[in-house]
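Participant: Structure incoming, see below.
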Amino acid sequence: MLLLASSSPSLSLSLSLPSVSHLHYPLPSSFPCPSLHLRFPSQATPLRLHTPPPLSCSLNSSSSVEQSSSLSQMQNSLLYSRAYWVTEFLIAWNVDVANEFSCQLIASKNASLTIANGQIQGEDLKVELQEDRAGLSANVLEKFPHIRGYKAFKLPSTLDVKPLLKSQLAVAIYDSDDKCRNCTGLQLPGVLDELFSYNGPLGALFSEEAVSLYLWAPTAQAVRAYIYKDPSGDDPIEIVCLEEENGVWRTKGPKSWEHCYYVYEVCVYHHSTLRVEKCHANDPYARGVSSDGRRTFLLNLDSDELKPDGWDDLADEKPTIHCFTDISVYEMHIRDFSATDLSVQPAFRGGYLAFTLQDSAGVLHLKRLSSAGITHVHLLPTFQFAGVDDQKENWRFVDTSIMESFPPDSDQQQALITAIQNFDGYNWGYNPVLWGVPKGSYASNPNGPYRTIEFRKMVKALNHIGLRVVLDVVYNHLQGSGPFDQHSVLDKIVPGYYLRRNRDGFIENSTCINNTASEHFMVERLILDDLVHWALNYKIDGFRFDLMGHIMKRTMVQAKTALHCLTKEKDGVDGSSIYIYGEGWDFGEVAKNGRGINASQFNLPGTQIGSFNDRIRDAILGGSPFGDPLQQGFVTGLLLQPNDHDHGTEENAKSMLAASMDHIQIGMAANLQDFVLTNCKGEEVKGSEILTYDGTPVAYASCPTETINYVSAHDNETLFDIVSLKTPVDISVTERCRINHLATSIVALSQGIPFFHCGDEILRSKSLDRDSYNSGDWFNRLDFTYNSNNWGVGLPPQEKNEKNWPLIKPRLANPSFKPQKIDILATVDNFLNLLRIRYSSPLFRLKTANAIQEMMLRELLN
């Protein structure tokens with residue numbers, strides 16, 4: 001359950017989240033989701049308000065109304081927003097209105113609406129609505145496909161709509177006695193997009209004489225900026241009232257504001273509390289933030305003092321990429337890279353500057369990978385996220401010498417780690433707060449300009465050793481919502497707009513929490529602006545989209561266009577070399593284009609946007625990350641080296657293995673829809689005609705760059721760990737190392753884009769942890785001296801792994817499972833050789849679907 005807390009106890013709601021087991025294949029590997037770990041302010045008194053059943057949609061007679069609605073339901077009805085204001089003069093509502101009834105729009109500027117004894121009180125304005133028998137137009141249904149079948153109600157064309165949108169709003173059905181029979185609040189994104197879509201400046205703009213602030217907040221009643229000299233404490237040096245013009249609030253201040261901090265105070269009606277609130281928020285377009293995340297830092301990114309030497313010329317020095325099919329990706333977490341690397345000076349460990357040390361163990365390892373062929377380092381989230389305090393002095397630690405004293409299968413290590421897991425320096429970072437600001441915990445100083453300077457030094461250093469940089473962007477959800485959450489930003493400034501809501505008006509949570517709505521114009525604009533910001537100001541070379549399927553296809557295509565329009569001559573960036581890819585899973589409220597055409601696997605062909613190929617992963621390893629952990633696949637012993645899992649009859653196991661081989665063949669041919677192969681039954685079929693167990697086509701890509709082939713990622717167990725789970729317990733560790741190598745070799749030698757999790761090449765273990773997002777440095781350790789792969793450091797954290805402890809414990813306790821240094825060194829060498837083979841010939845990196853098919857035909861003829 002997810003508890004939404006408010007300072008008004010009566011408005012706290014308890015909403016059910018979908019369990020992972022209910023999600024349909026292909027399942028997103030980012031579940032279970034870290035964002036579900038929430039803490040509420042101590043002053044909040046959250047109570048559970050159980051959602052009453054929906055009011056009847058039929059109002060053809062007063063008796064049916066009386067039967068379907070109760071007094072308590074009517075009193076609670078303003079908590080819902082079941083009607084949609086879709087265009088300037090049109091409201092959609094799933095309700096029928098009998099001839100003797102009337103429908104009215106009700107507004108209260110100071111949010112005084114109440115319902116008692118069938119009467120609505122406190123309104124400033126009532127407006128009669130007329131049902132439009134023509135229904136909702138095609139344009140409205142294209143934008144809001146989930147309200148197909150709703151009735152359309154027209155407002156008077158003479159109504160001045162814009163000022164009304166700043167009020168508490170409701171629509172109500174009245175009977176002939178002027179009693180309210182049904183009432184609900186309104187969702188406003190449709191009318192806001194029509195009346196207030198805006199392409200002008202936003203955020204802080206710097207000139208030689210002034211600093212200007214721009215904030216899009218069309219529903220706000222007033223906006224003030226509090227200007228501070230320092231990142232915390234002290235009274236503001238100035239409080240400025242912003243002026244509004246068509247939904248955009250602006251002010252101009254002196255040049256002395258630069259390097260100051262500011263906070264917006266937005267006076268706005270908030271649907272979650274049914275009150276006009278004074279919300280204090282950062283600028284959504286913040287480029288810097290204070291160490292506690294409460295104030296926006298006025299940072300001019302064009303200032304020379306923020307640029308490392310040669311920064312403006314970096315575009316000319318980047319490693320060359322002739323074609324996107326030449327890309328190979330190495331996924332890494334910034335803290336993992338150096339947090340335990342003793343060759344890195346303590347002040348740099350776990351941060352941006354660790355990448356600038358040319359002779360550290362980690363950098364020397366990256367140089368080896370780069371020289372063998374790896375082209376891109378994919379960094380897990382680097383924006384400002386929740387879950388890690390930016391002020392290192394507040395972190396808590398566990399004595400590692402104590403941890404090392406426990407047995408390899410002990411539950412003591414995880415107990416000590418989980419006791420401090422919300423107070424240490426570790427989290428993957430999939431808890432977005434501000435998309436456009438580098439995370440402060442990775443900087444030597446989270447205040448001032450250090451984040452920017454050090455992030456740029458990291459990018460430059462990686463480029464200079466031959467590696468381009470990919471950022472993991474998380475635009476599908478936000479950590480905070482509501483008017484009081486310290487992590488809430490967008491929902492304080494335009495409540496109910498940036499976050500996707502269900503038909504009752506409550507926030508959708510299928511991505512974990514607070515789903516965003518890229519189908520809304522200004523949400524899409526913020527995403528596009530943020531991508532261009534990172535490309536321009538940090539010279540980023542690629543973007544990986546978390547849960548990309550929850551973003552609209554239109555947004556992704558526009559993102560690709562916006563990035564590819566950047567040029568070295570005009571922008572100092574070659575945008576045509578920026579590659580984008582992501583998780584194209586199709587589930588939740590967006591499934592089957594439920595909110596518009598989304599960026600899911602089967603909607604992306606023709607875009608040249610990459611998506612992760614879970615088919616080849618599951619065929620190679622067996623099952624899925626959400627099935628039985630012992631289910632075997634092609635490399636883990638299916639049929640040939642059975643474990644204790646029941647795979648059915650021998651014939652069934654043979655059939656499963658044959659199907660897996662088909663899936664792998666298609667994956668090695670870039671998962672192309674039209675690739676023709678001879679399947680396990682001896683039939684010539686296209687890749688799209690071969691189906692998964694649930695009838696989904698295996699192949700979905702139209703060209704090689706639309707497929708990301710992988711067998712492991714930060715989510716779920718590491719490759720070595722999953723191999724150690726699925727293979728029989730009596731095989732040798734040497735055999736497991738060879739299986740690890742076989743799995744990576746399939747990916748490395750496939751057409752499309754190969755993707756490797758950091759540590760695949762050194763037998764990385766997380767002690768069988770299936771979700772190490774908050775498991776600290778202990779379970780996520782990397783050792784680039786190759787002395788240890790981190791196997792057997794205790795039972796993994798109870799929360800995500802306890803049900804598998806009976807499988808895990810005997811394996812961790814068995815010393816024969818632990819690789820030795822000689823095993824790790826051999827695996828590194830084998831991996832580097834695979835890369836060299838891939839880059840020895842363009843035949844492993846064919847550019848088109850036709851070239852792949854023709855090559856396979858030539859092989860068959862020979």
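Chain lettering (A, B, ...) mirrors the order of the structure tokens, residue numbering begins at 1 for each chain separately, and ligand numbering begins at 1 in order of display.
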Which residues come within 8 Å of Tyr497 in chain A, counting only C-alpha atoms, excluding same-chain residues fewer than 3 positions away, as an NGL selection string?
Facilitator: :A and (188-189 or 491 or 494 or 500 or 517 or 520)
Participant: I'd like to know which residues of range 153-252 of chain A are helix (DSSP H, G or I) (by DSSP, run on the backbone); could you write them as a ChimeraX atom specification?
Facilitator: /A:161-164,189-196
Participant: Give one line per residue of range 622-723 of chain A that approaches range 831-845 of chain A to at most 10 Å, naming the two atoms of the closest pair and their distance in Å to one decimal, counting only C-alpha atoms; sort by chain then ascending residue number and deliver it as a tab-separated table.
Facilitator:
```
residue	atom	partner	partner_atom	distance
A:Met668	CA	A:Phe844	CA	9.8
A:Ala669	CA	A:Phe844	CA	10.0
A:Ala670	CA	A:Arg845	CA	9.9
A:Pro704	CA	A:Arg845	CA	8.5
A:Thr705	CA	A:Arg845	CA	9.8
```
Participant: What's the 8 Å shell around Ile453 in chain A, counting only C-alpha atoms, without same-chain residues fewer than 2 positions away, as a list in words?
Facilitator: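 Once the adjacent positions are removed, what remains is Leu306, Lys307, Pro308, Pro449, Tyr450, Arg451, Phe455, Arg456 and Lys457 of chain A.
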Participant: Need the shell around Asp302 in chain A: protein/DNA/RNA residues with any atom at most 12 Å away, counting only C-alpha atoms. Skip same-chain ones fewer than 6 positions apart. Format as a list in words?
Facilitator: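 Returned residues: Leu205, Phe206, Ser207, Glu208, Arg287, Pro308, Trp311, Asp312, Thr452, Ile453, His533, Leu536, Asn537 and Tyr538 of chain A.
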Participant: Can I get the selected residues back with N, CA, C and O atoms, as a short mmCIF file (atom, residue, chain, number, x, y, z; two decimals), in the first residue's frame?
Facilitator:
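Result saved to result25.cif:
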```cif
data_model
loop_
_atom_site.label_atom_id
_atom_site.label_comp_id
_atom_site.auth_asym_id
_atom_site.auth_seq_id
_atom_site.Cartn_x
_atom_site.Cartn_y
_atom_site.Cartn_z
N LEU A 205 17.78 33.07 -16.53
CA LEU A 205 18.56 33.52 -17.68
C LEU A 205 19.51 34.62 -17.23
O LEU A 205 19.13 35.53 -16.49
N PHE A 206 20.74 34.55 -17.71
CA PHE A 206 21.79 35.47 -17.29
C PHE A 206 22.19 36.36 -18.45
O PHE A 206 22.36 35.90 -19.59
N SER A 207 22.33 37.65 -18.17
CA SER A 207 22.88 38.59 -19.13
C SER A 207 24.01 39.34 -18.43
O SER A 207 24.30 39.11 -17.26
N GLU A 208 24.63 40.26 -19.13
CA GLU A 208 25.74 41.02 -18.53
C GLU A 208 25.24 41.93 -17.42
O GLU A 208 25.99 42.27 -16.51
N ARG A 287 19.50 24.50 -12.33
CA ARG A 287 20.77 23.97 -12.83
C ARG A 287 21.77 23.76 -11.69
O ARG A 287 22.86 23.25 -11.89
N PRO A 308 36.33 23.15 -17.37
CA PRO A 308 37.71 22.63 -17.36
C PRO A 308 38.46 23.11 -18.59
O PRO A 308 37.86 23.51 -19.60
N TRP A 311 37.35 22.69 -22.44
CA TRP A 311 35.98 22.20 -22.45
C TRP A 311 35.24 22.57 -23.73
O TRP A 311 34.53 21.74 -24.32
N ASP A 312 35.40 23.78 -24.19
CA ASP A 312 34.66 24.23 -25.37
C ASP A 312 35.09 23.50 -26.63
O ASP A 312 34.36 23.51 -27.64
N THR A 452 28.90 20.93 -10.98
CA THR A 452 29.04 21.18 -12.42
C THR A 452 30.48 21.01 -12.88
O THR A 452 30.76 20.33 -13.88
N ILE A 453 31.40 21.63 -12.17
CA ILE A 453 32.81 21.57 -12.57
C ILE A 453 33.30 20.13 -12.57
O ILE A 453 33.95 19.66 -13.53
N HIS A 533 19.68 20.26 -22.56
CA HIS A 533 20.55 20.86 -21.53
C HIS A 533 21.75 19.96 -21.23
O HIS A 533 22.90 20.43 -21.21
N LEU A 536 24.08 19.90 -24.33
CA LEU A 536 24.79 21.16 -24.57
C LEU A 536 25.77 21.48 -23.45
O LEU A 536 26.94 21.81 -23.70
N ASN A 537 25.30 21.40 -22.22
CA ASN A 537 26.07 21.91 -21.09
C ASN A 537 27.01 20.89 -20.46
O ASN A 537 27.94 21.28 -19.74
N TYR A 538 26.77 19.61 -20.74
CA TYR A 538 27.65 18.57 -20.20
C TYR A 538 28.21 17.65 -21.27
O TYR A 538 28.89 16.69 -20.97
#
```
Participant: Would you kindly return, as a VMD selection string, each protein, DNA or RNA residue with an atom no farther than 6 Å from any atom of Asp132 in chain A, considering only C-alpha atoms and excluding same-chain residues fewer than 3 positions away?
Facilitator: chain A and resid 135 152 to 153
Participant: Generate the output file for the selected residues, C-alpha atoms, as a PDB file, in the first residue's frame.
Facilitator:
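Contents of again_24.pdb, freshly written:
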```
ATOM      1  CA  GLY A 135     -19.578  13.685 -28.251  1.00  0.00           C
ATOM      2  CA  ALA A 152     -19.163  16.021 -23.698  1.00  0.00           C
ATOM      3  CA  PHE A 153     -20.452  19.170 -21.996  1.00  0.00           C
TER       4      PHE A 153
END
```
Participant: Give me the residues within 9 Å of range 656-660 of chain A as a count of residues only, counting only C-alpha atoms and dropping any in the same chain fewer than 6 places off.
Facilitator: 16
Participant: For Tyr773 in chain A, please output as a PyMOL selection string all residues within 12 Å (counting only C-alpha atoms; exclusion window: fewer than 2 positions along the same chain).
Facilitator: chain A and resi 30-37+333+335-336+380-381+387-388+418+421-422+425-431+713-717+766+769-771+775-780+796-797+799-800
Participant: Go ahead and dump the residues you just picked, N, CA and C atoms, as a tab-separated table (two decimals), in the first residue's frame.
Facilitator:
```
chain	number	residue	atom	x	y	z
A	30	SER	N	13.36	-3.35	-14.03
A	30	SER	CA	13.61	-2.42	-12.94
A	30	SER	C	12.69	-2.65	-11.76
A	31	PHE	N	11.79	-3.64	-11.84
A	31	PHE	CA	10.98	-3.97	-10.68
A	31	PHE	C	11.68	-5.07	-9.89
A	32	PRO	N	11.52	-5.19	-8.60
A	32	PRO	CA	10.82	-4.28	-7.72
A	32	PRO	C	11.50	-2.91	-7.66
A	33	CYS	N	10.72	-1.90	-7.37
A	33	CYS	CA	11.20	-0.54	-7.57
A	33	CYS	C	11.69	0.10	-6.29
A	34	PRO	N	12.88	0.74	-6.33
A	34	PRO	CA	13.41	1.39	-5.15
A	34	PRO	C	12.56	2.53	-4.65
A	35	SER	N	11.77	3.13	-5.51
A	35	SER	CA	11.07	4.35	-5.12
A	35	SER	C	9.97	4.11	-4.10
A	36	LEU	N	9.67	2.85	-3.78
A	36	LEU	CA	8.60	2.60	-2.84
A	36	LEU	C	9.01	2.80	-1.39
A	37	HIS	N	10.27	3.09	-1.15
A	37	HIS	CA	10.72	3.27	0.22
A	37	HIS	C	10.55	4.73	0.60
A	333	HIS	N	27.67	2.22	-12.16
A	333	HIS	CA	27.20	3.13	-11.13
A	333	HIS	C	28.39	3.94	-10.62
A	335	ARG	N	29.18	5.44	-7.86
A	335	ARG	CA	29.76	5.10	-6.56
A	335	ARG	C	30.44	3.73	-6.60
A	336	ASP	N	29.80	2.75	-7.25
A	336	ASP	CA	30.42	1.43	-7.36
A	336	ASP	C	31.83	1.51	-7.92
A	380	LEU	N	24.55	5.07	-14.28
A	380	LEU	CA	23.27	5.09	-13.59
A	380	LEU	C	22.97	6.50	-13.12
A	381	PRO	N	21.74	6.79	-12.70
A	381	PRO	CA	21.31	8.19	-12.51
A	381	PRO	C	22.32	9.10	-11.83
A	387	GLY	N	17.19	9.79	-1.41
A	387	GLY	CA	17.70	8.53	-0.90
A	387	GLY	C	19.12	8.58	-0.42
A	388	VAL	N	19.88	9.61	-0.83
A	388	VAL	CA	21.25	9.81	-0.35
A	388	VAL	C	21.42	11.27	0.02
A	418	THR	N	21.23	-3.11	6.33
A	418	THR	CA	19.87	-2.58	6.22
A	418	THR	C	19.53	-1.63	7.37
A	421	GLN	N	20.73	1.59	5.80
A	421	GLN	CA	20.66	1.73	4.35
A	421	GLN	C	20.02	3.04	3.88
A	422	ASN	N	19.21	3.67	4.70
A	422	ASN	CA	18.62	4.94	4.31
A	422	ASN	C	19.42	6.14	4.81
A	425	GLY	N	25.73	6.41	2.07
A	425	GLY	CA	25.96	7.14	0.82
A	425	GLY	C	25.53	6.40	-0.42
A	426	TYR	N	24.72	5.33	-0.26
A	426	TYR	CA	24.44	4.46	-1.41
A	426	TYR	C	22.98	4.46	-1.81
A	427	ASN	N	22.73	4.59	-3.08
A	427	ASN	CA	21.44	4.32	-3.71
A	427	ASN	C	21.68	4.39	-5.21
A	428	TRP	N	20.97	3.55	-5.95
A	428	TRP	CA	21.13	3.62	-7.41
A	428	TRP	C	20.69	4.97	-7.97
A	429	GLY	N	19.65	5.57	-7.39
A	429	GLY	CA	19.26	6.90	-7.82
A	429	GLY	C	18.02	6.99	-8.67
A	430	TYR	N	17.20	5.95	-8.70
A	430	TYR	CA	15.97	6.01	-9.50
A	430	TYR	C	14.83	6.67	-8.70
A	431	ASN	N	15.16	7.76	-8.02
A	431	ASN	CA	14.22	8.50	-7.20
A	431	ASN	C	14.32	9.98	-7.57
A	713	ALA	N	22.10	-6.64	-16.23
A	713	ALA	CA	22.13	-5.20	-16.03
A	713	ALA	C	22.13	-4.95	-14.53
A	714	HIS	N	22.06	-3.69	-14.13
A	714	HIS	CA	22.10	-3.40	-12.70
A	714	HIS	C	20.96	-4.08	-11.96
A	715	ASP	N	19.80	-4.22	-12.63
A	715	ASP	CA	18.66	-4.90	-12.03
A	715	ASP	C	18.92	-6.40	-11.92
A	716	ASN	N	18.31	-7.01	-10.90
A	716	ASN	CA	18.34	-8.45	-10.74
A	716	ASN	C	19.76	-8.95	-10.44
A	717	GLU	N	19.93	-10.26	-10.38
A	717	GLU	CA	21.24	-10.81	-10.03
A	717	GLU	C	22.27	-10.50	-11.12
A	766	LYS	N	27.13	-10.10	-6.28
A	766	LYS	CA	26.54	-9.29	-5.22
A	766	LYS	C	26.02	-10.21	-4.12
A	769	ASP	N	22.35	-11.12	-4.40
A	769	ASP	CA	21.32	-10.10	-4.18
A	769	ASP	C	20.58	-9.85	-5.49
A	770	ARG	N	19.27	-9.93	-5.48
A	770	ARG	CA	18.50	-9.75	-6.71
A	770	ARG	C	18.11	-8.30	-6.95
A	771	ASP	N	18.31	-7.42	-5.97
A	771	ASP	CA	17.91	-6.02	-6.14
A	771	ASP	C	18.75	-5.16	-5.19
A	775	SER	N	21.59	-1.63	-1.19
A	775	SER	CA	22.31	-2.62	-0.40
A	775	SER	C	23.70	-2.15	0.01
A	776	GLY	N	24.00	-0.89	-0.24
A	776	GLY	CA	25.26	-0.33	0.23
A	776	GLY	C	26.47	-0.80	-0.56
A	777	ASP	N	27.61	-0.25	-0.19
A	777	ASP	CA	28.86	-0.62	-0.86
A	777	ASP	C	29.22	-2.08	-0.62
A	778	TRP	N	28.79	-2.63	0.50
A	778	TRP	CA	29.20	-3.99	0.86
A	778	TRP	C	28.77	-5.02	-0.19
A	779	PHE	N	27.52	-4.98	-0.58
A	779	PHE	CA	27.03	-5.96	-1.56
A	779	PHE	C	27.30	-5.53	-3.00
A	780	ASN	N	27.62	-4.27	-3.21
A	780	ASN	CA	27.84	-3.76	-4.57
A	780	ASN	C	29.31	-3.55	-4.91
A	796	PRO	N	22.10	-12.01	1.12
A	796	PRO	CA	21.69	-10.68	0.65
A	796	PRO	C	20.51	-10.17	1.44
A	797	PRO	N	20.23	-8.86	1.38
A	797	PRO	CA	19.21	-8.25	2.24
A	797	PRO	C	17.88	-8.99	2.23
A	799	GLU	N	14.76	-8.13	2.73
A	799	GLU	CA	13.54	-7.58	2.13
A	799	GLU	C	13.26	-8.15	0.75
A	800	LYS	N	14.28	-8.20	-0.09
A	800	LYS	CA	14.09	-8.63	-1.48
A	800	LYS	C	14.47	-10.09	-1.73
```
Participant: Going by DSSP on the backbone, which residues of range 55-258 of chain A come out as strand (DSSP E)? List them as a VMD selection string.
Facilitator: chain A and resid 83 to 87 90 to 93 102 to 108 114 to 116 119 to 121 125 to 132 151 to 154 168 to 174 180 to 187 203 to 206 210 to 216 220 to 228 238 to 241 243 to 245 248 to 254
Participant: From the options A:His487, A:Lys179, A:Arg811, A:His271, which residue's atoms come nearest to Pro432 in chain A, counting only C-alpha atoms?
Facilitator: A:His487
Participant: Select, from A:Gly362, A:Gly596, A:Gly480, A:Gly584, the residue with the minimum atom-to-atom distance to Phe784 in chain A, counting only C-alpha atoms.
Facilitator: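 The answer is A:Gly362, which sits nearest to Phe784 in chain A.
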Participant: For CA of Tyr579 in chain A and CA of Ala699 in chain A, determine how far apart the two atoms are, in Å to one decimal place.
Facilitator: 21.1 Å
Participant: Which is closest to Ile173 in chain A among A:Ala813, A:Leu691, A:Ala210, A:Val95, if we use only C-alpha atoms?
Facilitator: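 Result for the nearest residue to Ile173 in chain A: A:Val95.
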